[in-house]
Every structure is written in structure tokens, then in C-alpha cells.
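Participant: Pasting a structure here, questions to come.
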Amino acid sequence: MPHDESSLSPAAPYDALLLASFGGPDGPDDVLPFLRNVTAGKGIPDERLAEVAEHYHHFGGASPINGQNLALQRALTDELARRGVDLPVVWGNRNWTPYTKDALAAAHADGHRRILALVTSAYASYSGCRQYREDFWTALEELRDELGFDDEQPLRLDKLRAYFNHPGFVEANVDAVAEALGKVPDDARVVFVTHSIPDTMEEASAVSGASYSAQHLDVAASVAAAVGERLGRAIEWDLAYCSRSGPPSQPWLEPDVNDLLTALAGQGVQSVVLSPIGFVSDHMEVVYDLDTEALETADSLGLTAVRADTVGTREPFVRGLVDLILERAATERALAAGEQAPVRATVGALPAWRDVCAPGCCRRQAGVDSGRPAACSVDPQS
């Protein structure tokens with residue numbers, strides 16, 4: 001018997017939203033402990049971490065990511081309220097306060113039992129998907145033990161699909177790039193930038209459907225085409241990477257943005273727009289690797305360069321996230337009732353990402369078990 005939609009909240013069966021993010025230090029004393037959290041288990045000495053810490057100390061020891069997450073939390077709350085959707089938004093981080101487990105514990109104490117997680121990474125890879133899901137599993141297990149549950153976990157947590165090719169994310173990037181191009185000559189080239197990952201992680205990401213780099217190339221092509229249509233001219237573009245780490249012997253995705261800028265200058269390019277499509281807000285990789293290092297490189301090469309905004313709390317992005325939340329809720333209701341799920345909105349050549357991760361999805365290395373179960377999967381042990 002079909003369910004009565006009129007009796008349900010548009011967000012049902014979910015009763016809370018977890019905004020899940022990376023986290024960042026709030027002041028100088030937090031920087032080294034935060035970096036130890038980020039690199040736990042990797043055997044990186046404090047001497048090396050101290051070098052990375054200088055990026056944070058360059059900005060007073062505080063990462064902008066926490067303030068940006070608060071702003072996104074407020075924007076989501078406001079957009080949900082505008083649509084008449086009662087869905088509290090809680091915030092939890094992987095690597096710094098407020099931690100994911102504490103956010104889930106507070107949600108449980110407030111009576112919430114089925115939570116949808118929105119990760120502040122639009123793309124699917126180990127760092128942007130599975131590592132969060134591994135942390136979700138750990139947090140749920142620790143919460144279960146603390147609350148005295150036997151076998152079952154105290155609440156159910158689902159993860160919103162990767163949203164790199166959702167219309168809201170793409171539209172917000174189109175607006176940002178078009179605005180930035182208005183500040184430079186008409187022949188400016190767009191350099192789309194994202195966080196580099198090891199080649200082994202890139203290979204593993206392809207198990208999910210399209211690899212990490214393929215996801216970015218699809219978004220870049222969509223954004224460039226839409227901007228070109230809006231401005232009435234073809235947009236020349238490239239994809240570059242930033243923020244690589246690890247030993248020089250380990251291959252990571254290239255070209256580095258600074259190397260690409262050097263190559264473009266050698267080809268006679270005179271102006272560029274840097275578009276950080278791999279990031280949803282202006283956190284450290286943006287304000288240091290792009291606003292500081294890459295813009296300094298451009299200046300030294302005689303390039304006119306401006307940096308496009310990240311999507312942040314732009315209206316199309318926030319609206320699109322709420323569309324995604326309601327889409328997933330409608331899908332869950334339809335599946336529970338044996339009905340057809342709604343069409344999932346996308347832009348570009350790639351299909352909508354799956355709602356529930358497949359076995360072996362987004363491992364650190366293809367075919368290599370991380371040894372940690374991951375929540376929000378058809379097989380958490382895979």
C-alpha cells in the first residue's frame with residue numbers, strides 16, 4: 001500500500017543532518033596537535049609537521065575552515081527553514097573539535113536516530129569518501145560502547161552521495177569563474193585546481209566508477225562550457241593540482257599548479273583565472289597554496305592572475321545541497337514502499353554517484369584492505 005506523503009516530513013526518514021568536515025586548528029597552540037591527528041599512524045616526525053605548521057602560523061595559527069563550516073551550517077539551516085523542512089544540522093570533524101563522535105552523541109541525546117551525513121568533499125576518493133566512512137564506523141562503535149548497546153549501533157547514519165556533478169555545485173562554480181573572468185582580459189585561461197592525491201589512490205578511486213581525476217575533468221568541462229555560453233566565447237582551460245605531500249619517490253597526480261603556470265607563461269599565456277573546483281570553501285590549501293604560493297608564482301612570471309571564489313555559501317550551492325538532501329530522503333521513502341526512486345539530478349557526462357558505497361569503494365590502494373570497516377556501504381568490511 002503506498003505511503004501517505006502528506007503525513008511525512010520532506011526529510012523523512014531522516015531526523016538530523018551531520019555536516020562532516022576535516023577540521024582545523026583554532027589557534028597557534030592547536031596546530032601541532034591537529035597535524036598529529038591528521039597524520040596519525042603514518043610515522044611522520046614532529047620535525048616534518050613543524051614545516052607544515054608554518055602554513056598555519058602564516059595566518060596566525062588558525063585555519064579558516066571552522067568559520068566556514070559554521071557559515072555553511074547556518075546557511076543550510078536557513079535554507080531548510082525557508083522550505084519548511086524541520087531538520088536540525090549538527091557539525092562534526094574528523095581531526096579537530098567538534099569531533100564527529102561528539103556531534104553524534106549530542107544528536108543521540110536529543111533523540112535523533114537516523115542521520116544523513118553531508119561531507120564537505122564533493123568528490124569520491126579515499127580522502128574524500130572512504131576515510132570519512134571509516135571514521136563514521138569508529139565513532140558509531142565507540143558511541144555504542146559508551147551507551148551500553150550490545151550488537152546494534154545506537155543510530156543509523158547514511159552518507160549523501162558525492163555531489164561534484166550536481167547542478168547546484170556546478171552552477172555555483174560557473175558563477176564564480178564568470179565573475180573572476182570579468183576582472184582579467186578576455187583571452188585569460190582558466191586553471192581549475194584541486195588537491196593532488198597519490199597515483200595509487202587515483203587508481204583505487206576508479207573502482208567506484210570514474211576516477212578522482214575523471215570526476216574533476218568532467219566538472220571542469222561542464223563549468224567551462226557553461227561559462228563560455230554565458231560570456232559568448234570559448235574558454236580555454238587546464239586542470240592542475242596542489243598540496244601534494246609524502247616522499248618525492250611516491251608519484252602523485254600532476255601537473256602542480258605552479259609548474260603549469262610556468263609552462264603556460266612559456267607558451268605566451270598572459271593572464272589566468274585560478275578556479276579551486278576541488279574545494280568547497282577557502283581553507284588552508286586555498287589561502288596558502290593558491291592565494292599565497294600560486295599567485296606569487298604568477299606574479300614572478302609576469303602573469304595577470306586572479307583567484308575565483310570557492311562555492312562557500314553561494315546560493316546555488318546551498319540550494320543544491322538541500323535538493324540533494326530531499327532527493328535522498330525521497331529515495332529512501334520510495335525504496336521502503338517498493339516504489340520507483342526519483343530521478344537524480346546531474347550535470348556533465350558522468351552519471352549520478354551511488355547513494356550507498358559498493359564493496360571495495362574508494363580504498364587507499366586498489367585491492368588493498370585498509371583494515372578498517374567503513375559505514376554507509378553495502379559491505380562495511382570490504
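Ligands are numbered from 1 in the order shown, residues from 1 within each chain, and chains are lettered A, B, ... in the order they appear in the C-alpha cells.
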What are the closest atom pairs, with distances in Å to one decimal, for all residues of stretch 135-217 of chain A lying within 8 Å of stretch 285-307 of chain A? Consider only C-alpha atoms, order rows by chain and residue number, and present the result as a Markdown table.

Facilitator:
| residue | atom | partner | partner_atom | distance |
| --- | --- | --- | --- | --- |
| A:Ala180 | CA | A:Val306 | CA | 6.7 |
| A:Lys183 | CA | A:Val306 | CA | 7.6 |
| A:Val184 | CA | A:Thr304 | CA | 7.3 |
| A:His195 | CA | A:Glu285 | CA | 7.8 |

Participant: Please write the residues from the selection above to a file, keeping C-alpha atoms, as a tab-separated table (two decimals), in the first residue's frame.

Facilitator:
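In the end it all went to again31.tsv:
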chain	number	residue	atom	x	y	z
A	180	ALA	CA	36.61	36.22	-11.99
A	183	LYS	CA	38.44	41.02	-13.82
A	184	VAL	CA	41.01	39.91	-16.42
A	195	HIS	CA	44.08	18.68	-4.15

Participant: Mind checking which residues fall within 9 Å of A:Gln215, counting only C-alpha atoms, ignoring those fewer than 4 positions away in the same chain, and posting them as a PyMOL selection string?

Facilitator: chain A and resi 123-124+164-165+210-211+219-220+350

Participant: Would you output that residue set with N, CA and C atoms, as a CSV table (one decimal), in the first residue's frame?

Facilitator:
chain,number,residue,atom,x,y,z
A,123,TYR,N,33.9,15.2,-4.1
A,123,TYR,CA,34.4,14.2,-5.0
A,123,TYR,C,34.6,12.9,-4.2
A,124,ALA,N,34.7,11.8,-5.0
A,124,ALA,CA,34.8,10.4,-4.4
A,124,ALA,C,36.3,10.0,-4.5
A,164,PHE,N,29.8,16.2,-6.9
A,164,PHE,CA,30.6,17.0,-7.8
A,164,PHE,C,29.9,17.4,-9.1
A,165,ASN,N,29.0,16.5,-9.6
A,165,ASN,CA,28.3,16.8,-10.8
A,165,ASN,C,26.8,17.1,-10.6
A,210,ALA,N,34.1,6.4,-11.9
A,210,ALA,CA,35.0,7.3,-12.6
A,210,ALA,C,36.1,7.7,-11.6
A,211,SER,N,37.3,7.8,-12.0
A,211,SER,CA,38.4,8.1,-11.1
A,211,SER,C,38.3,9.5,-10.6
A,219,VAL,N,33.7,18.0,-14.3
A,219,VAL,CA,33.3,19.2,-13.7
A,219,VAL,C,33.9,20.4,-14.5
A,220,ALA,N,35.2,20.3,-14.7
A,220,ALA,CA,35.9,21.4,-15.4
A,220,ALA,C,35.3,21.7,-16.8
A,350,LEU,N,29.1,12.3,-16.7
A,350,LEU,CA,29.1,11.2,-15.7
A,350,LEU,C,27.7,11.0,-15.1

Participant: Would you pick out the contacts of stretch 80-93 of chain A at 7 Å or less, using only C-alpha atoms, so that residues sharing its chain but fewer than 2 positions from it are not included, and give the list as an NGL selection string?

Facilitator: :A and (9-11 or 15-23 or 73 or 76-78 or 95-100 or 103 or 322)

Participant: I'd like the interatomic distance between atom CA of A:Tyr212 and atom CA of A:Thr194, to a tenth of an Å.

Facilitator: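 Computing the Euclidean distance for atom CA of A:Tyr212 and atom CA of A:Thr194 yields 10.1 Å.
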
Participant: Can you tell me how far atom CA of A:Asp175 sits from atom CA of A:Leu326, in Å to one decimal?

Facilitator: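 Between these atoms lies a distance of 23.9 Å.
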
Participant: Separation of atom CA of A:Asn258 and atom CA of A:Val193, in Å?

Facilitator: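 Those two atoms sit 10.7 Å apart.
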
Participant: May I have the residues within 10 Å of A:Ala221 as a list in words, using only C-alpha atoms and disregarding those fewer than 6 positions away in the same chain?

Facilitator: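 Here the answer would be Phe192, Val227, Ile235, Glu236, Trp237, Asp238, Leu239, Gly348 and Ala349 of chain A.
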
Participant: So that I have them on file, write out the residues from the current selection with all heavy atoms, as a PDB file, in the first residue's frame.

Facilitator:
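Wrote it out as out_8.pdb, contents follow:
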ATOM      1  N   PHE A 192      41.745  25.230 -13.529  1.00  0.00           N
ATOM      2  CA  PHE A 192      40.999  24.585 -12.461  1.00  0.00           C
ATOM      3  C   PHE A 192      41.991  23.843 -11.570  1.00  0.00           C
ATOM      4  O   PHE A 192      42.918  23.193 -12.072  1.00  0.00           O
ATOM      5  CB  PHE A 192      39.974  23.612 -13.040  1.00  0.00           C
ATOM      6  CG  PHE A 192      38.889  24.272 -13.848  1.00  0.00           C
ATOM      7  CD1 PHE A 192      38.896  24.208 -15.233  1.00  0.00           C
ATOM      8  CD2 PHE A 192      37.867  24.966 -13.212  1.00  0.00           C
ATOM      9  CE1 PHE A 192      37.894  24.821 -15.982  1.00  0.00           C
ATOM     10  CE2 PHE A 192      36.861  25.587 -13.947  1.00  0.00           C
ATOM     11  CZ  PHE A 192      36.871  25.518 -15.330  1.00  0.00           C
ATOM     12  N   VAL A 227      30.280  28.620 -18.736  1.00  0.00           N
ATOM     13  CA  VAL A 227      30.826  29.977 -18.695  1.00  0.00           C
ATOM     14  C   VAL A 227      30.974  30.518 -20.119  1.00  0.00           C
ATOM     15  O   VAL A 227      30.650  31.673 -20.402  1.00  0.00           O
ATOM     16  CB  VAL A 227      32.184  29.997 -17.970  1.00  0.00           C
ATOM     17  CG1 VAL A 227      32.863  31.353 -18.116  1.00  0.00           C
ATOM     18  CG2 VAL A 227      31.990  29.671 -16.491  1.00  0.00           C
ATOM     19  N   ILE A 235      36.160  29.084 -23.807  1.00  0.00           N
ATOM     20  CA  ILE A 235      37.034  29.206 -22.638  1.00  0.00           C
ATOM     21  C   ILE A 235      38.103  28.116 -22.717  1.00  0.00           C
ATOM     22  O   ILE A 235      37.800  26.924 -22.729  1.00  0.00           O
ATOM     23  CB  ILE A 235      36.230  29.049 -21.332  1.00  0.00           C
ATOM     24  CG1 ILE A 235      35.097  30.080 -21.251  1.00  0.00           C
ATOM     25  CG2 ILE A 235      37.163  29.154 -20.129  1.00  0.00           C
ATOM     26  CD1 ILE A 235      35.557  31.521 -21.256  1.00  0.00           C
ATOM     27  N   GLU A 236      39.353  28.539 -22.793  1.00  0.00           N
ATOM     28  CA  GLU A 236      40.469  27.601 -22.757  1.00  0.00           C
ATOM     29  C   GLU A 236      40.780  27.276 -21.297  1.00  0.00           C
ATOM     30  O   GLU A 236      40.805  28.182 -20.451  1.00  0.00           O
ATOM     31  CB  GLU A 236      41.700  28.201 -23.434  1.00  0.00           C
ATOM     32  CG  GLU A 236      41.494  28.544 -24.906  1.00  0.00           C
ATOM     33  CD  GLU A 236      41.266  27.304 -25.751  1.00  0.00           C
ATOM     34  OE1 GLU A 236      41.846  26.252 -25.444  1.00  0.00           O
ATOM     35  OE2 GLU A 236      40.488  27.392 -26.735  1.00  0.00           O
ATOM     36  N   TRP A 237      41.044  26.008 -21.008  1.00  0.00           N
ATOM     37  CA  TRP A 237      41.232  25.635 -19.604  1.00  0.00           C
ATOM     38  C   TRP A 237      42.184  24.460 -19.439  1.00  0.00           C
ATOM     39  O   TRP A 237      42.477  23.732 -20.386  1.00  0.00           O
ATOM     40  CB  TRP A 237      39.895  25.316 -18.939  1.00  0.00           C
ATOM     41  CG  TRP A 237      39.141  24.159 -19.557  1.00  0.00           C
ATOM     42  CD1 TRP A 237      38.261  24.210 -20.608  1.00  0.00           C
ATOM     43  CD2 TRP A 237      39.209  22.782 -19.171  1.00  0.00           C
ATOM     44  NE1 TRP A 237      37.772  22.956 -20.893  1.00  0.00           N
ATOM     45  CE2 TRP A 237      38.339  22.054 -20.020  1.00  0.00           C
ATOM     46  CE3 TRP A 237      39.904  22.083 -18.184  1.00  0.00           C
ATOM     47  CZ2 TRP A 237      38.147  20.684 -19.924  1.00  0.00           C
ATOM     48  CZ3 TRP A 237      39.730  20.702 -18.076  1.00  0.00           C
ATOM     49  CH2 TRP A 237      38.857  20.022 -18.933  1.00  0.00           C
ATOM     50  N   ASP A 238      42.661  24.305 -18.212  1.00  0.00           N
ATOM     51  CA  ASP A 238      43.524  23.195 -17.810  1.00  0.00           C
ATOM     52  C   ASP A 238      43.093  22.751 -16.410  1.00  0.00           C
ATOM     53  O   ASP A 238      42.453  23.507 -15.679  1.00  0.00           O
ATOM     54  CB  ASP A 238      44.998  23.612 -17.741  1.00  0.00           C
ATOM     55  CG  ASP A 238      45.499  24.208 -19.035  1.00  0.00           C
ATOM     56  OD1 ASP A 238      45.946  23.449 -19.901  1.00  0.00           O
ATOM     57  OD2 ASP A 238      45.436  25.456 -19.176  1.00  0.00           O
ATOM     58  N   LEU A 239      43.515  21.533 -16.037  1.00  0.00           N
ATOM     59  CA  LEU A 239      43.340  21.045 -14.667  1.00  0.00           C
ATOM     60  C   LEU A 239      44.716  20.872 -14.046  1.00  0.00           C
ATOM     61  O   LEU A 239      45.583  20.217 -14.631  1.00  0.00           O
ATOM     62  CB  LEU A 239      42.592  19.714 -14.651  1.00  0.00           C
ATOM     63  CG  LEU A 239      42.414  19.054 -13.271  1.00  0.00           C
ATOM     64  CD1 LEU A 239      41.541  19.913 -12.361  1.00  0.00           C
ATOM     65  CD2 LEU A 239      41.819  17.647 -13.413  1.00  0.00           C
ATOM     66  N   GLY A 348      26.799  17.197 -16.833  1.00  0.00           N
ATOM     67  CA  GLY A 348      28.016  16.627 -17.388  1.00  0.00           C
ATOM     68  C   GLY A 348      27.808  15.236 -17.943  1.00  0.00           C
ATOM     69  O   GLY A 348      26.680  14.759 -18.093  1.00  0.00           O
ATOM     70  N   ALA A 349      28.937  14.563 -18.217  1.00  0.00           N
ATOM     71  CA  ALA A 349      28.891  13.277 -18.900  1.00  0.00           C
ATOM     72  C   ALA A 349      28.776  12.085 -17.963  1.00  0.00           C
ATOM     73  O   ALA A 349      28.453  10.984 -18.411  1.00  0.00           O
ATOM     74  CB  ALA A 349      30.145  13.127 -19.770  1.00  0.00           C
TER      75      ALA A 349
END

Participant: List every residue of stretch 106-159 of chain A that DSSP, applied to the backbone, labels as helix (DSSP H, G or I), and write the result as a PyMOL selection string.

Facilitator: chain A and resi 106-109+126-147

Participant: I need the chosen residues saved as a CSV table (one decimal), in the first residue's frame, with N, CA, C and O atoms.

Facilitator:
chain,number,residue,atom,x,y,z
A,106,ALA,N,25.7,14.0,20.8
A,106,ALA,CA,24.8,15.1,21.1
A,106,ALA,C,23.4,14.9,20.4
A,106,ALA,O,22.3,15.1,20.9
A,107,ALA,N,23.5,14.5,19.1
A,107,ALA,CA,22.3,14.2,18.3
A,107,ALA,C,21.5,13.1,18.9
A,107,ALA,O,20.3,13.2,19.0
A,108,HIS,N,22.2,12.0,19.4
A,108,HIS,CA,21.5,10.9,20.0
A,108,HIS,C,20.8,11.4,21.3
A,108,HIS,O,19.7,11.0,21.6
A,109,ALA,N,21.5,12.2,22.1
A,109,ALA,CA,20.9,12.7,23.4
A,109,ALA,C,19.7,13.5,23.1
A,109,ALA,O,18.8,13.6,24.0
A,126,TYR,N,39.6,8.1,-1.6
A,126,TYR,CA,39.8,7.7,-0.2
A,126,TYR,C,39.7,8.9,0.7
A,126,TYR,O,38.9,8.8,1.7
A,127,SER,N,40.4,9.9,0.5
A,127,SER,CA,40.4,11.1,1.4
A,127,SER,C,39.0,11.8,1.4
A,127,SER,O,38.7,12.3,2.5
A,128,GLY,N,38.3,11.8,0.3
A,128,GLY,CA,37.0,12.5,0.3
A,128,GLY,C,35.8,11.7,0.6
A,128,GLY,O,34.7,12.2,0.7
A,129,CYS,N,36.0,10.3,0.7
A,129,CYS,CA,34.8,9.5,0.9
A,129,CYS,C,35.1,8.4,1.9
A,129,CYS,O,34.7,8.5,3.1
A,130,ARG,N,35.9,7.4,1.6
A,130,ARG,CA,36.1,6.2,2.4
A,130,ARG,C,36.7,6.6,3.8
A,130,ARG,O,36.3,6.0,4.8
A,131,GLN,N,37.6,7.5,3.8
A,131,GLN,CA,38.2,7.8,5.1
A,131,GLN,C,37.2,8.4,6.1
A,131,GLN,O,37.2,8.2,7.3
A,132,TYR,N,36.3,9.2,5.5
A,132,TYR,CA,35.2,9.7,6.4
A,132,TYR,C,34.3,8.5,6.9
A,132,TYR,O,33.9,8.5,8.0
A,133,ARG,N,34.0,7.6,6.0
A,133,ARG,CA,33.2,6.5,6.3
A,133,ARG,C,33.8,5.6,7.3
A,133,ARG,O,33.2,5.0,8.2
A,134,GLU,N,35.2,5.4,7.3
A,134,GLU,CA,35.9,4.7,8.3
A,134,GLU,C,35.7,5.3,9.6
A,134,GLU,O,35.5,4.7,10.7
A,135,ASP,N,35.9,6.7,9.6
A,135,ASP,CA,35.7,7.4,10.9
A,135,ASP,C,34.3,7.3,11.4
A,135,ASP,O,34.1,7.3,12.6
A,136,PHE,N,33.3,7.4,10.5
A,136,PHE,CA,31.9,7.2,10.9
A,136,PHE,C,31.8,5.9,11.7
A,136,PHE,O,31.1,5.8,12.7
A,137,TRP,N,32.3,4.8,11.1
A,137,TRP,CA,32.2,3.5,11.7
A,137,TRP,C,32.8,3.5,13.1
A,137,TRP,O,32.2,3.0,14.1
A,138,THR,N,34.0,4.0,13.2
A,138,THR,CA,34.7,4.1,14.5
A,138,THR,C,33.8,4.9,15.5
A,138,THR,O,33.7,4.5,16.7
A,139,ALA,N,33.3,6.0,15.1
A,139,ALA,CA,32.6,6.9,16.0
A,139,ALA,C,31.3,6.1,16.5
A,139,ALA,O,30.9,6.2,17.7
A,140,LEU,N,30.6,5.5,15.6
A,140,LEU,CA,29.4,4.7,15.9
A,140,LEU,C,29.7,3.6,16.9
A,140,LEU,O,28.9,3.3,17.8
A,141,GLU,N,30.8,2.9,16.6
A,141,GLU,CA,31.2,1.8,17.5
A,141,GLU,C,31.5,2.3,18.9
A,141,GLU,O,31.1,1.7,19.9
A,142,GLU,N,32.3,3.4,19.0
A,142,GLU,CA,32.6,4.0,20.3
A,142,GLU,C,31.4,4.5,21.0
A,142,GLU,O,31.2,4.3,22.2
A,143,LEU,N,30.5,5.1,20.3
A,143,LEU,CA,29.2,5.6,20.9
A,143,LEU,C,28.4,4.4,21.4
A,143,LEU,O,27.8,4.5,22.4
A,144,ARG,N,28.3,3.3,20.6
A,144,ARG,CA,27.6,2.1,21.0
A,144,ARG,C,28.1,1.6,22.4
A,144,ARG,O,27.4,1.3,23.3
A,145,ASP,N,29.5,1.5,22.5
A,145,ASP,CA,30.1,1.0,23.7
A,145,ASP,C,29.8,2.0,24.9
A,145,ASP,O,29.5,1.5,26.0
A,146,GLU,N,29.9,3.3,24.6
A,146,GLU,CA,29.6,4.2,25.7
A,146,GLU,C,28.2,4.2,26.2
A,146,GLU,O,27.9,4.4,27.4
A,147,LEU,N,27.3,3.9,25.3
A,147,LEU,CA,25.8,3.9,25.6
A,147,LEU,C,25.3,2.6,26.1
A,147,LEU,O,24.2,2.4,26.5

Participant: When you count only C-alpha atoms, which of these residues is closest to A:Leu104: A:Ala341, A:Val191, A:Leu155, A:Ala75?

Facilitator: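 Smallest distance to A:Leu104 is found for A:Leu155.
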
Participant: Would you please give, as number ranges by chain, all residues of stretch 118-169 of chain A that DSSP assigns to strand (DSSP E or B) based on the backbone?

Facilitator: A: 118-119, 156-159

Participant: Using only C-alpha atoms, determine which residues lie at most 10 Å from stretch 58-64 of chain A, disregarding the query and same-chain residues fewer than 5 positions distant; provide the list as a PyMOL selection string.

Facilitator: chain A and resi 23-32+53+69+281-285+287-288+292

Participant: Quick one: write out the picked residues with N, CA and C atoms as a CSV table (one decimal), in the first residue's frame?

Facilitator:
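Everything below was put into out.csv:
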chain,number,residue,atom,x,y,z
A,23,GLY,N,38.1,19.6,9.7
A,23,GLY,CA,38.5,20.3,10.9
A,23,GLY,C,39.8,21.0,10.7
A,24,GLY,N,40.1,21.9,11.6
A,24,GLY,CA,41.3,22.7,11.6
A,24,GLY,C,41.6,23.4,12.9
A,25,PRO,N,42.8,23.8,13.1
A,25,PRO,CA,43.2,24.5,14.4
A,25,PRO,C,42.5,25.8,14.6
A,26,ASP,N,42.2,26.1,15.8
A,26,ASP,CA,41.6,27.4,16.1
A,26,ASP,C,42.6,28.5,16.6
A,27,GLY,N,43.8,28.0,16.8
A,27,GLY,CA,44.8,29.0,17.3
A,27,GLY,C,46.2,28.3,17.3
A,28,PRO,N,47.3,29.1,17.5
A,28,PRO,CA,48.7,28.5,17.4
A,28,PRO,C,48.9,27.3,18.3
A,29,ASP,N,48.3,27.2,19.5
A,29,ASP,CA,48.6,26.0,20.3
A,29,ASP,C,47.9,24.8,19.8
A,30,ASP,N,47.0,24.9,18.9
A,30,ASP,CA,46.3,23.8,18.3
A,30,ASP,C,47.0,23.1,17.1
A,31,VAL,N,47.9,23.9,16.5
A,31,VAL,CA,48.4,23.5,15.2
A,31,VAL,C,49.1,22.1,15.2
A,32,LEU,N,50.1,22.0,16.1
A,32,LEU,CA,50.8,20.7,16.1
A,32,LEU,C,49.9,19.5,16.5
A,53,ALA,N,53.3,23.2,9.7
A,53,ALA,CA,52.7,24.1,10.7
A,53,ALA,C,52.9,25.6,10.3
A,69,ASN,N,32.7,26.4,8.0
A,69,ASN,CA,31.7,25.3,8.3
A,69,ASN,C,30.6,25.8,9.1
A,281,SER,N,35.3,25.4,0.2
A,281,SER,CA,35.5,26.6,0.9
A,281,SER,C,37.0,27.0,0.9
A,282,ASP,N,37.2,28.2,1.3
A,282,ASP,CA,38.6,28.8,1.3
A,282,ASP,C,39.4,28.3,2.5
A,283,HIS,N,39.7,27.0,2.6
A,283,HIS,CA,40.5,26.6,3.7
A,283,HIS,C,42.0,26.7,3.4
A,284,MET,N,42.8,26.0,4.1
A,284,MET,CA,44.3,26.3,4.1
A,284,MET,C,44.9,26.0,2.7
A,285,GLU,N,44.4,24.9,2.0
A,285,GLU,CA,45.0,24.7,0.7
A,285,GLU,C,44.7,25.8,-0.3
A,287,VAL,N,43.9,29.2,0.7
A,287,VAL,CA,44.5,30.5,1.1
A,287,VAL,C,46.0,30.5,1.1
A,288,TYR,N,46.7,29.3,1.3
A,288,TYR,CA,48.1,29.3,1.2
A,288,TYR,C,48.6,28.8,-0.1
A,292,THR,N,48.6,32.4,-1.8
A,292,THR,CA,49.9,32.8,-1.4
A,292,THR,C,50.9,32.3,-2.4
